[in-house]
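Student: File name coords_27.txt; file contents compact mmCIF, C-alpha atoms; full text below.
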# COMPACT_ATOMS: atom_id res chain seq x y z
CA MET E 1 0.00 0.00 0.00
CA GLU E 2 2.85 2.31 0.78
CA MET E 3 3.93 2.08 -2.80
CA PHE E 4 0.51 3.03 -4.14
CA ARG E 5 0.28 5.98 -1.78
CA ARG E 6 3.74 7.17 -2.69
CA PHE E 7 3.09 7.15 -6.40
CA PHE E 8 -0.39 8.56 -6.00
CA PHE E 9 0.74 11.60 -4.06
CA ALA E 10 3.73 12.22 -6.29
CA ALA E 11 1.42 12.16 -9.31
CA VAL E 12 -1.17 14.42 -7.71
CA LEU E 13 1.47 16.91 -6.61
CA ALA E 14 3.29 16.98 -9.94
CA GLY E 15 0.06 17.00 -11.93
CA THR E 16 -1.34 19.89 -9.92
CA VAL E 17 1.80 22.03 -10.03
CA ALA E 18 2.39 21.40 -13.72
CA GLY E 19 -1.31 21.83 -14.50
CA LEU E 20 -1.52 25.23 -12.82
CA PHE E 21 1.70 26.28 -14.53
CA SER E 22 0.35 25.06 -17.85
CA ALA E 23 -2.96 26.88 -17.35
CA ALA E 24 -1.06 30.12 -16.74
CA ILE E 25 1.06 29.67 -19.87
CA GLN E 26 -2.04 28.85 -21.88
CA GLN E 27 -3.83 31.97 -20.74
CA TRP E 28 -0.79 34.05 -21.52
CA ARG E 29 0.29 32.65 -24.89
CA VAL E 30 -2.46 30.51 -26.34
CA VAL E 31 -6.02 31.34 -25.28
CA PRO E 32 -5.86 34.94 -26.58
CA LEU E 33 -5.16 33.50 -30.03
CA ILE E 34 -8.19 31.19 -29.72
CA LEU E 35 -10.37 34.16 -28.84
CA GLU E 36 -9.00 36.08 -31.78
CA ALA E 37 -9.67 33.18 -34.13
CA GLU E 38 -13.26 32.97 -32.96
CA GLN E 39 -13.87 36.39 -34.45
CA TYR E 40 -13.50 34.80 -37.86
CA GLU E 41 -16.09 32.19 -37.14
CA VAL E 42 -18.97 33.90 -38.82
CA THR E 43 -21.34 32.29 -41.19
CA GLU E 44 -22.72 34.30 -44.02
CA GLN E 45 -25.73 32.10 -44.42
CA MET E 46 -27.18 32.42 -40.96
CA GLN E 47 -28.66 35.43 -39.29
CA TYR E 48 -28.63 35.84 -35.57
CA PRO E 49 -30.53 38.05 -33.19
CA ALA E 50 -29.04 41.47 -32.83
CA GLY E 51 -26.60 41.81 -30.00
CA ARG E 52 -25.85 38.11 -29.77
CA GLN E 53 -22.16 37.82 -29.19
CA MET E 54 -20.14 34.97 -30.42
CA SER E 55 -19.00 33.37 -27.29
CA GLY E 56 -16.61 30.64 -26.51
CA VAL E 57 -17.16 27.45 -28.28
CA SER E 58 -18.02 27.16 -31.84
CA GLY E 59 -18.30 24.25 -34.12
CA GLU E 60 -17.31 23.47 -37.60
CA VAL E 61 -20.43 22.25 -39.23
CA ARG E 62 -21.38 21.01 -42.59
CA GLU E 63 -24.51 22.27 -44.19
CA GLY E 64 -25.95 19.29 -45.93
CA GLU E 65 -23.81 18.45 -48.90
CA ALA E 66 -22.39 21.91 -49.24
CA PRO E 67 -18.64 21.68 -49.69
CA GLN E 68 -17.99 24.79 -47.66
CA VAL E 69 -17.57 24.36 -43.93
CA LEU E 70 -19.71 26.80 -42.03
CA LEU E 71 -18.55 28.26 -38.80
CA ILE E 72 -21.29 29.25 -36.48
CA PRO E 73 -21.63 30.91 -33.10
CA GLN E 74 -21.91 28.55 -30.19
CA THR E 75 -25.49 29.36 -29.44
CA SER E 76 -26.37 27.29 -32.43
CA LEU E 77 -23.64 24.76 -32.09
CA GLU E 78 -26.19 22.01 -32.49
CA SER E 79 -28.01 23.55 -35.37
CA ALA E 80 -26.22 21.36 -37.84
CA PRO E 81 -24.50 18.02 -37.61
CA HIS E 82 -21.46 18.48 -35.46
CA PRO E 83 -18.49 16.22 -36.00
CA HIS E 84 -18.78 15.13 -32.38
CA THR E 85 -22.34 14.01 -32.63
CA GLY E 86 -23.64 14.28 -36.09
CA GLU E 87 -27.07 13.12 -35.02
CA GLU E 88 -28.91 16.39 -35.30
CA GLU E 89 -30.46 17.59 -38.49
CA ALA E 90 -29.29 20.80 -40.04
CA ASN E 91 -31.83 23.52 -39.61
CA SER E 92 -30.45 26.90 -40.34
CA ASP E 93 -33.73 28.48 -41.31
CA HIS E 94 -34.94 29.16 -37.82
CA PRO E 95 -32.11 30.49 -35.75
CA HIS E 96 -34.47 32.01 -33.20
CA ASP E 97 -36.13 28.72 -32.48
CA LEU E 98 -32.81 27.03 -32.33
CA GLU E 99 -31.37 29.49 -29.94
CA ALA E 100 -34.24 29.06 -27.57
CA THR E 101 -33.74 25.33 -27.40
CA ARG E 102 -30.03 24.87 -27.93
CA VAL E 103 -28.94 27.02 -25.08
CA GLU E 104 -30.96 24.89 -22.70
CA GLN E 105 -29.74 21.64 -24.18
CA ASN E 106 -26.05 22.30 -24.29
CA TRP E 107 -24.44 23.94 -21.39
CA MET E 108 -21.45 26.12 -22.06
CA PRO E 109 -19.48 28.41 -19.80
CA GLN E 110 -20.18 32.12 -19.79
CA GLU E 111 -17.54 34.40 -21.18
CA GLY E 112 -14.96 35.64 -18.74
CA LEU E 113 -14.32 34.06 -15.39
CA GLU E 114 -16.52 31.03 -15.92
CA ARG E 115 -14.83 30.14 -19.18
CA LEU E 116 -11.44 30.68 -17.54
CA PHE E 117 -12.45 28.48 -14.63
CA TYR E 118 -13.47 25.53 -16.79
CA THR E 119 -10.39 25.88 -18.94
CA VAL E 120 -8.17 25.74 -15.86
CA VAL E 121 -10.10 22.78 -14.44
CA SER E 122 -9.86 20.78 -17.65
CA THR E 123 -6.19 21.63 -18.05
CA LEU E 124 -5.63 20.41 -14.49
CA LEU E 125 -7.49 17.16 -15.17
CA VAL E 126 -5.48 16.51 -18.31
CA SER E 127 -2.30 17.33 -16.41
CA LEU E 128 -3.19 14.87 -13.65
CA GLY E 129 -3.94 12.33 -16.35
CA PHE E 130 -0.49 12.77 -17.87
CA ALA E 131 1.08 12.51 -14.39
CA PHE E 132 -0.66 9.16 -13.80
CA LEU E 133 0.42 7.96 -17.23
CA LEU E 134 3.99 8.74 -16.23
CA VAL E 135 3.53 6.69 -13.06
CA GLY E 136 2.09 3.79 -15.01
CA VAL E 137 4.85 3.78 -17.60
CA SER E 138 7.54 4.19 -14.94
CA VAL E 139 6.22 1.32 -12.83
CA LEU E 140 5.53 -1.05 -15.71
CA THR E 141 8.90 -0.50 -17.34
CA ASN E 142 10.84 -0.28 -14.09
CA LEU E 143 12.33 3.03 -15.17
CA GLN E 144 12.54 5.41 -12.23
CA ILE E 145 11.66 9.10 -12.48
CA THR E 146 14.14 11.21 -10.51
CA VAL E 147 15.07 14.87 -10.34
CA ALA E 148 18.09 14.13 -12.50
CA ASN E 149 16.20 12.37 -15.28
CA GLY E 150 12.88 14.18 -14.81
CA ILE E 151 13.64 16.56 -17.64
CA MET E 152 14.24 13.62 -19.95
CA TRP E 153 10.89 12.14 -18.98
CA GLY E 154 9.32 15.52 -19.62
CA LEU E 155 10.96 15.85 -23.02
CA ALA E 156 9.88 12.31 -23.89
CA GLY E 157 6.32 13.21 -22.91
CA PHE E 158 6.48 16.31 -25.07
CA VAL E 159 7.81 14.43 -28.06
CA THR E 160 5.22 11.67 -27.58
CA PHE E 161 2.09 13.67 -26.88
CA SER E 162 2.78 16.97 -28.63
CA LEU E 163 5.65 17.20 -31.07
CA MET E 164 5.24 14.03 -33.13
CA PRO E 165 1.43 14.22 -33.31
CA ALA E 166 1.79 17.91 -34.23
CA ILE E 167 3.93 17.32 -37.30
CA GLY E 168 0.96 15.46 -38.76
CA LEU E 169 -1.87 17.29 -37.06
CA ALA E 170 -0.66 20.74 -36.10
CA PRO E 171 -2.47 22.28 -33.11
CA GLU E 172 -5.54 23.77 -34.70
CA LEU E 173 -7.54 26.89 -33.99
CA PRO E 174 -11.31 26.92 -33.91
CA GLY E 175 -12.49 27.59 -37.42
CA MET E 176 -9.68 25.83 -39.22
CA GLU E 177 -10.40 23.13 -41.72
CA ALA E 178 -9.69 19.62 -40.60
CA ALA E 179 -10.38 16.04 -41.53
CA ASP E 180 -12.98 13.87 -39.81
CA LEU E 181 -12.64 14.09 -36.04
CA GLY E 182 -12.73 10.35 -35.35
CA THR E 183 -10.04 9.69 -37.94
CA ARG E 184 -7.85 12.40 -36.51
CA GLN E 185 -8.26 11.10 -32.96
CA PHE E 186 -7.43 7.58 -34.12
CA TRP E 187 -4.27 8.76 -35.86
CA TRP E 188 -3.37 10.92 -32.86
CA TRP E 189 -3.57 8.00 -30.42
CA GLY E 190 -1.76 5.70 -32.82
CA THR E 191 1.05 8.22 -33.14
CA VAL E 192 1.24 8.58 -29.36
CA LEU E 193 1.48 4.82 -28.88
CA SER E 194 4.04 4.36 -31.62
CA THR E 195 6.19 7.31 -30.55
CA GLY E 196 6.01 6.46 -26.87
CA GLY E 197 6.82 2.85 -27.65
CA GLY E 198 9.83 3.90 -29.69
CA LEU E 199 11.20 6.13 -26.92
CA LEU E 200 10.67 3.41 -24.31
CA VAL E 201 12.55 0.93 -26.49
CA LEU E 202 15.43 3.42 -26.57
CA ALA E 203 15.34 3.94 -22.82
CA ARG E 204 14.77 0.37 -21.73
CA PHE E 205 16.97 -1.79 -23.91
CA SER E 206 20.69 -1.80 -24.53
CA SER E 207 21.05 -3.85 -27.69
CA ALA E 208 22.06 -1.87 -30.77
CA ILE E 209 19.02 -3.18 -32.61
CA LYS E 210 16.92 -0.84 -30.50
CA ILE E 211 17.94 2.16 -32.58
CA PRO E 212 16.44 1.08 -35.92
CA VAL E 213 13.40 -0.31 -34.06
CA ALA E 214 12.85 3.01 -32.29
CA ILE E 215 13.35 5.03 -35.46
CA GLY E 216 10.87 2.79 -37.21
CA LEU E 217 8.28 3.24 -34.49
CA LEU E 218 8.73 7.01 -34.57
CA LEU E 219 8.38 7.17 -38.34
CA ILE E 220 5.57 4.69 -39.02
CA PRO E 221 2.66 7.06 -38.22
CA HIS E 222 4.11 9.66 -40.57
CA LEU E 223 4.73 7.16 -43.34
CA VAL E 224 1.12 6.11 -42.99
CA GLY E 225 0.22 9.79 -42.99
CA ALA E 226 -2.09 11.94 -40.92
CA PRO E 227 -5.69 12.53 -42.03
CA ILE E 228 -5.72 15.36 -44.52
CA ALA E 229 -8.00 18.35 -44.19
CA PRO E 230 -10.45 18.94 -47.05
CA PRO E 231 -9.22 21.56 -49.53
CA THR E 232 -11.49 24.33 -48.36
CA GLN E 233 -10.75 27.87 -47.38
CA SER E 234 -10.71 29.08 -43.80
CA ASP E 235 -11.18 32.67 -42.77
CA VAL E 236 -8.60 32.27 -40.02
CA PRO E 237 -5.44 34.15 -41.09
CA ALA E 238 -2.45 31.92 -41.77
CA LEU E 239 -0.21 33.97 -39.51
CA LEU E 240 -2.65 33.60 -36.62
CA ALA E 241 -2.79 29.86 -37.17
CA SER E 242 0.97 29.42 -37.32
CA THR E 243 1.46 31.67 -34.29
CA PHE E 244 -1.05 29.55 -32.44
CA ALA E 245 0.64 26.28 -33.40
CA ALA E 246 4.03 27.56 -32.25
CA ASN E 247 2.69 28.87 -28.95
CA ALA E 248 0.64 25.76 -28.25
CA LEU E 249 3.77 23.65 -28.74
CA PHE E 250 5.74 25.99 -26.50
CA ALA E 251 3.06 25.70 -23.80
CA SER E 252 3.18 21.92 -24.06
CA LEU E 253 6.95 21.85 -23.81
CA ALA E 254 6.91 24.07 -20.72
CA PHE E 255 4.23 21.89 -19.15
CA TRP E 256 6.05 18.62 -19.77
CA VAL E 257 9.38 19.84 -18.46
CA VAL E 258 7.74 21.07 -15.25
CA LEU E 259 5.76 17.84 -14.91
CA GLY E 260 8.83 15.65 -15.32
CA VAL E 261 11.04 17.60 -12.97
CA VAL E 262 8.42 18.08 -10.23
CA PHE E 263 7.43 14.45 -10.49
CA GLY E 264 11.04 13.36 -10.14
CA TRP E 265 11.47 15.59 -7.13
CA ALA E 266 8.30 14.32 -5.43
CA ASN E 267 9.21 10.75 -6.23
CA GLN E 268 12.67 11.03 -4.72
CA ARG E 269 11.41 12.90 -1.70
CA ASN E 270 8.90 10.18 -0.99
CA MET E 271 11.52 7.51 -1.34
CA LYS E 272 13.50 9.17 1.43
CA LYS E 273 10.43 9.69 3.55
CA PHE E 274 9.41 6.07 3.44
CA GLU E 275 13.01 4.86 3.46
CA LEU E 276 12.30 2.74 0.48
CA MET A 1 18.88 5.74 -0.80
CA ASN A 2 19.05 3.36 -3.66
CA THR A 3 16.26 3.82 -6.13
CA VAL A 4 17.18 0.81 -8.18
CA ALA A 5 17.02 -1.53 -5.19
CA GLN A 6 13.76 0.07 -4.23
CA THR A 7 12.00 -0.69 -7.45
CA GLN A 8 13.43 -4.15 -7.78
CA SER A 9 11.99 -5.03 -4.40
CA LEU A 10 8.52 -4.89 -5.91
CA SER A 11 7.19 -8.15 -7.18
CA ILE A 12 6.11 -8.36 -10.78
CA PRO A 13 2.39 -8.79 -9.94
CA GLN A 14 2.57 -5.71 -7.70
CA ARG A 15 4.21 -3.79 -10.49
CA LEU A 16 1.63 -4.90 -13.03
CA ILE A 17 -1.28 -3.96 -10.77
CA ALA A 18 0.06 -0.58 -9.73
CA GLY A 19 1.22 0.31 -13.23
CA SER A 20 -2.01 -0.75 -14.89
CA LEU A 21 -4.11 1.13 -12.34
CA ALA A 22 -2.08 4.28 -12.90
CA LEU A 23 -2.32 3.93 -16.67
CA PHE A 24 -6.06 3.40 -16.46
CA LEU A 25 -6.55 6.39 -14.17
CA GLY A 26 -4.39 8.59 -16.38
CA LEU A 27 -6.13 7.55 -19.58
CA SER A 28 -9.54 8.07 -18.00
CA LEU A 29 -8.65 11.63 -17.04
CA ILE A 30 -7.20 12.44 -20.47
CA VAL A 31 -10.04 10.87 -22.42
CA GLY A 32 -12.66 12.40 -20.13
CA ALA A 33 -11.33 15.95 -20.25
CA GLY A 34 -9.64 15.89 -23.63
CA PHE A 35 -11.63 13.59 -25.88
CA ALA A 36 -15.14 12.99 -24.52
CA SER A 37 -17.66 13.90 -27.19
CA ASP A 38 -20.35 15.10 -24.80
CA LEU A 39 -21.05 18.66 -25.89
CA ALA A 40 -21.17 20.15 -22.42
CA VAL A 41 -17.80 18.60 -21.61
CA HIS A 42 -16.49 19.74 -24.97
CA ASN A 43 -17.69 23.28 -24.39
CA GLY A 44 -16.15 23.49 -20.93
CA ALA A 45 -12.84 21.96 -21.97
CA HIS A 46 -12.71 23.68 -25.36
CA ASP A 47 -9.84 26.11 -24.83
CA SER A 48 -7.85 23.50 -22.94
CA ARG A 49 -8.27 20.96 -25.76
CA HIS A 50 -7.14 23.40 -28.41
CA SER A 51 -4.20 24.60 -26.31
CA THR A 52 -3.05 21.06 -25.64
CA GLY A 53 -3.23 20.24 -29.33
CA PHE A 54 -5.85 17.50 -29.00
CA PRO A 55 -7.95 16.97 -32.12
CA CYS A 56 -11.07 19.00 -31.35
CA HIS A 57 -14.21 19.71 -33.40
Could you spell out this file's structure in C-alpha cells?
Tutor:
Amino acid sequence: MEMFRRFFFAAVLAGTVAGLFSAAIQQWRVVPLILEAEQYEVTEQMQYPAGRQMSGVSGEVREGEAPQVLLIPQTSLESAPHPHTGEEEANSDHPHDLEATRVEQNWMPQEGLERLFYTVVSTLLVSLGFAFLLVGVSVLTNLQITVANGIMWGLAGFVTFSLMPAIGLAPELPGMEAADLGTRQFWWWGTVLSTGGGLLVLARFSSAIKIPVAIGLLLIPHLVGAPIAPPTQSDVPALLASTFAANALFASLAFWVVLGVVFGWANQRNMKKFEL
Amino acid sequence: MNTVAQTQSLSIPQRLIAGSLALFLGLSLIVGAGFASDLAVHNGAHDSRHSTGFPCH
C-alpha cells in the first residue's frame, strides 16, 4: 500500500503544479489566439438576433452536402451536424427557435471568469492524467523518475504527446479546416502509442538493434500519414494559425518539463520519507 | 537511498497492478477531459483541448 500511496501523491502533486503552470502559460500565450480566431467564425448564411455575441465554443459544421464548412456561433452549435455528434439535423432556417432550445440543451461556460475556470479545471485534469500515465509507464517499465532524469521524462512526454502528433496534425484553432474528427483522434492516439513505444525501447533496452526499431516506431505514423483536411478555405489568417501552433507547442513543452522535474522531485522525496 | 534496489523489491504482480491502475486512471482523465464527445464537456474543456493540441471539433 505504501507504494501506491507514494506514487499517487507524487502524481497528484506533480500534476497539480504542472497543471496550474500550464494553465497560466495557456492563458498568456495561447487562449488569446483562440479568442482572436473565434472572431472569424462567422457564417454568411445564418442570421442571428441582434446583440448576440459569439462566445466561446463554436463548431465546424457542414450544411448538408455543401462543400464549404460553415462556422457558427456557439449558441447554435447544435443547429447542424457536429463532428462530435452528427445526429442532429441541419436547420439553419430558424435560428431564433434554435437558440431558444439549444442554449438549454447544451451547457457552455459564460464568457470571462466562468470560461477561464473551466479551462483551468480541464487543463488540471489533463495534467493529472499525464502525471498518472507517467507513473504507469515508470512502474511497468521499471524506469525510475528522478530529479536528474525528470527533464528527460518531460521531453519524452512532449515528443510523444505533442511534437510528433503535431507534425501530422498541427495544433488547430477553432475555425480551421480539418479532416474527420474520429479519424484524426485515431491517428493521434496511434502516433502517441508508436512514438512512446519507440522512446521506451530506446530507454529500456541496450542492444544496438533498439535504434532502428525506435526510429521505425517514430516514423511509421508519418509514413502512414495523418488525415488530410479537405481543400477548403478558412477565414482564419495563416499567420494567426501558425502563431497559435508555435505557442501551443511551447506551452506543451513548458508543461512537460515542469511535470517531469516536479514528479522526479516528489518521487525522490517520498523515497526518502518512506526509506524505500 | 538506492532507487534501483527500491524498485526491484517490488514483485512483478505488484508492479503490473500498480502500473495498470495508474495507466487506467491517467487515460480516464485524459479521455474524459480531452476527448469525450459530450457537448457540455467539450464546451467546458474547449480552450484547454485546443491549447493542448488535442484533435477538437
Student: I'd like to know which of E:Leu163, E:Leu35, E:Val126, E:Ala266 is closest to chain A, using all atoms listed in the file.
Tutor: E:Val126
Student: Given all atoms listed in the file, how would the per-residue table for chain E near chain A read, listing every residue at most 6 Å away with its closest atom pair and distance in Å to one decimal, sorted by chain and number, as JSON lines?
Tutor:
{"residue": "E:Val57", "atom": "CA", "partner": "A:Asn43", "partner_atom": "CA", "distance": 5.7}
{"residue": "E:His84", "atom": "CA", "partner": "A:Ser37", "partner_atom": "CA", "distance": 5.5}
{"residue": "E:Asn106", "atom": "CA", "partner": "A:Ala40", "partner_atom": "CA", "distance": 5.7}
{"residue": "E:Trp107", "atom": "CA", "partner": "A:Ala40", "partner_atom": "CA", "distance": 5.1}
{"residue": "E:Met108", "atom": "CA", "partner": "A:Asn43", "partner_atom": "CA", "distance": 5.3}
{"residue": "E:Tyr118", "atom": "CA", "partner": "A:Gly44", "partner_atom": "CA", "distance": 5.3}
{"residue": "E:Thr119", "atom": "CA", "partner": "A:Ser48", "partner_atom": "CA", "distance": 5.3}
{"residue": "E:Ser122", "atom": "CA", "partner": "A:Ala45", "partner_atom": "CA", "distance": 5.4}
{"residue": "E:Thr123", "atom": "CA", "partner": "A:Ser48", "partner_atom": "CA", "distance": 5.5}
{"residue": "E:Leu125", "atom": "CA", "partner": "A:Leu29", "partner_atom": "CA", "distance": 6.0}
{"residue": "E:Val126", "atom": "CA", "partner": "A:Ile30", "partner_atom": "CA", "distance": 4.9}
{"residue": "E:Gly129", "atom": "CA", "partner": "A:Gly26", "partner_atom": "CA", "distance": 3.8}
{"residue": "E:Phe130", "atom": "CA", "partner": "A:Gly26", "partner_atom": "CA", "distance": 5.9}
{"residue": "E:Phe132", "atom": "CA", "partner": "A:Gly26", "partner_atom": "CA", "distance": 4.6}
{"residue": "E:Leu133", "atom": "CA", "partner": "A:Leu23", "partner_atom": "CA", "distance": 4.9}
{"residue": "E:Gly136", "atom": "CA", "partner": "A:Gly19", "partner_atom": "CA", "distance": 4.0}
{"residue": "E:Val139", "atom": "CA", "partner": "A:Gly19", "partner_atom": "CA", "distance": 5.1}
{"residue": "E:Leu140", "atom": "CA", "partner": "A:Gly19", "partner_atom": "CA", "distance": 5.2}
{"residue": "E:Pro171", "atom": "CA", "partner": "A:Gly53", "partner_atom": "CA", "distance": 4.4}
{"residue": "E:Gln185", "atom": "CA", "partner": "A:Pro55", "partner_atom": "CA", "distance": 5.9}
{"residue": "E:Ala248", "atom": "CA", "partner": "A:Ser51", "partner_atom": "CA", "distance": 5.3}
{"residue": "E:Leu276", "atom": "CA", "partner": "A:Gln6", "partner_atom": "CA", "distance": 5.6}
Student: What gap, in Å, lies between CA of Thr141 (chain E) and CA of Arg204 (chain E)?
Tutor: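 Taking CA of Thr141 (chain E) as the start and CA of Arg204 (chain E) as the end point, the length is 7.4 Å.
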Student: Contacts of Pro32 (chain E) at 12 Å or less, counting only C-alpha atoms, minus same-chain residues fewer than 3 places along, as number ranges by chain?
Tutor: E: 24-29, 35-39, 56, 116, 173, 240, 243-244, 247-248; A: 47, 50-51
Student: Hey, can you check how far CA of Trp188 (chain E) sits from CA of Phe158 (chain E)?
Tutor: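 Spanning CA of Trp188 (chain E) to CA of Phe158 (chain E) is a straight-line distance of 13.7 Å.
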Student: Quick one: distance from CA of Phe8 (chain E) to CA of Leu143 (chain E) in Å, one decimal?
Tutor: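 Between CA of Phe8 (chain E) and CA of Leu143 (chain E) the gap is 16.6 Å.
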Student: Take the point (9.1, 7.6, -9.0) in the file's coordinates, draw a sphere of radius 12 Å around it, and report as a short mmCIF file (atom, residue, chain, number, x, y, z; two decimals) with C-alpha atoms, keeping the file's coordinate frame every protein, DNA or RNA residue with an atom inside or on it, counting only C-alpha atoms.
Tutor:
data_model
loop_
_atom_site.label_atom_id
_atom_site.label_comp_id
_atom_site.auth_asym_id
_atom_site.auth_seq_id
_atom_site.Cartn_x
_atom_site.Cartn_y
_atom_site.Cartn_z
CA MET E 3 3.93 2.08 -2.80
CA PHE E 4 0.51 3.03 -4.14
CA ARG E 5 0.28 5.98 -1.78
CA ARG E 6 3.74 7.17 -2.69
CA PHE E 7 3.09 7.15 -6.40
CA PHE E 8 -0.39 8.56 -6.00
CA PHE E 9 0.74 11.60 -4.06
CA ALA E 10 3.73 12.22 -6.29
CA ALA E 11 1.42 12.16 -9.31
CA ALA E 14 3.29 16.98 -9.94
CA ALA E 131 1.08 12.51 -14.39
CA PHE E 132 -0.66 9.16 -13.80
CA LEU E 133 0.42 7.96 -17.23
CA LEU E 134 3.99 8.74 -16.23
CA VAL E 135 3.53 6.69 -13.06
CA GLY E 136 2.09 3.79 -15.01
CA VAL E 137 4.85 3.78 -17.60
CA SER E 138 7.54 4.19 -14.94
CA VAL E 139 6.22 1.32 -12.83
CA LEU E 140 5.53 -1.05 -15.71
CA THR E 141 8.90 -0.50 -17.34
CA ASN E 142 10.84 -0.28 -14.09
CA LEU E 143 12.33 3.03 -15.17
CA GLN E 144 12.54 5.41 -12.23
CA ILE E 145 11.66 9.10 -12.48
CA THR E 146 14.14 11.21 -10.51
CA VAL E 147 15.07 14.87 -10.34
CA ALA E 148 18.09 14.13 -12.50
CA ASN E 149 16.20 12.37 -15.28
CA GLY E 150 12.88 14.18 -14.81
CA TRP E 153 10.89 12.14 -18.98
CA GLY E 260 8.83 15.65 -15.32
CA VAL E 261 11.04 17.60 -12.97
CA VAL E 262 8.42 18.08 -10.23
CA PHE E 263 7.43 14.45 -10.49
CA GLY E 264 11.04 13.36 -10.14
CA TRP E 265 11.47 15.59 -7.13
CA ALA E 266 8.30 14.32 -5.43
CA ASN E 267 9.21 10.75 -6.23
CA GLN E 268 12.67 11.03 -4.72
CA ARG E 269 11.41 12.90 -1.70
CA ASN E 270 8.90 10.18 -0.99
CA MET E 271 11.52 7.51 -1.34
CA LYS E 272 13.50 9.17 1.43
CA LEU E 276 12.30 2.74 0.48
CA THR A 3 16.26 3.82 -6.13
CA VAL A 4 17.18 0.81 -8.18
CA GLN A 6 13.76 0.07 -4.23
CA THR A 7 12.00 -0.69 -7.45
CA GLY A 19 1.22 0.31 -13.23
#
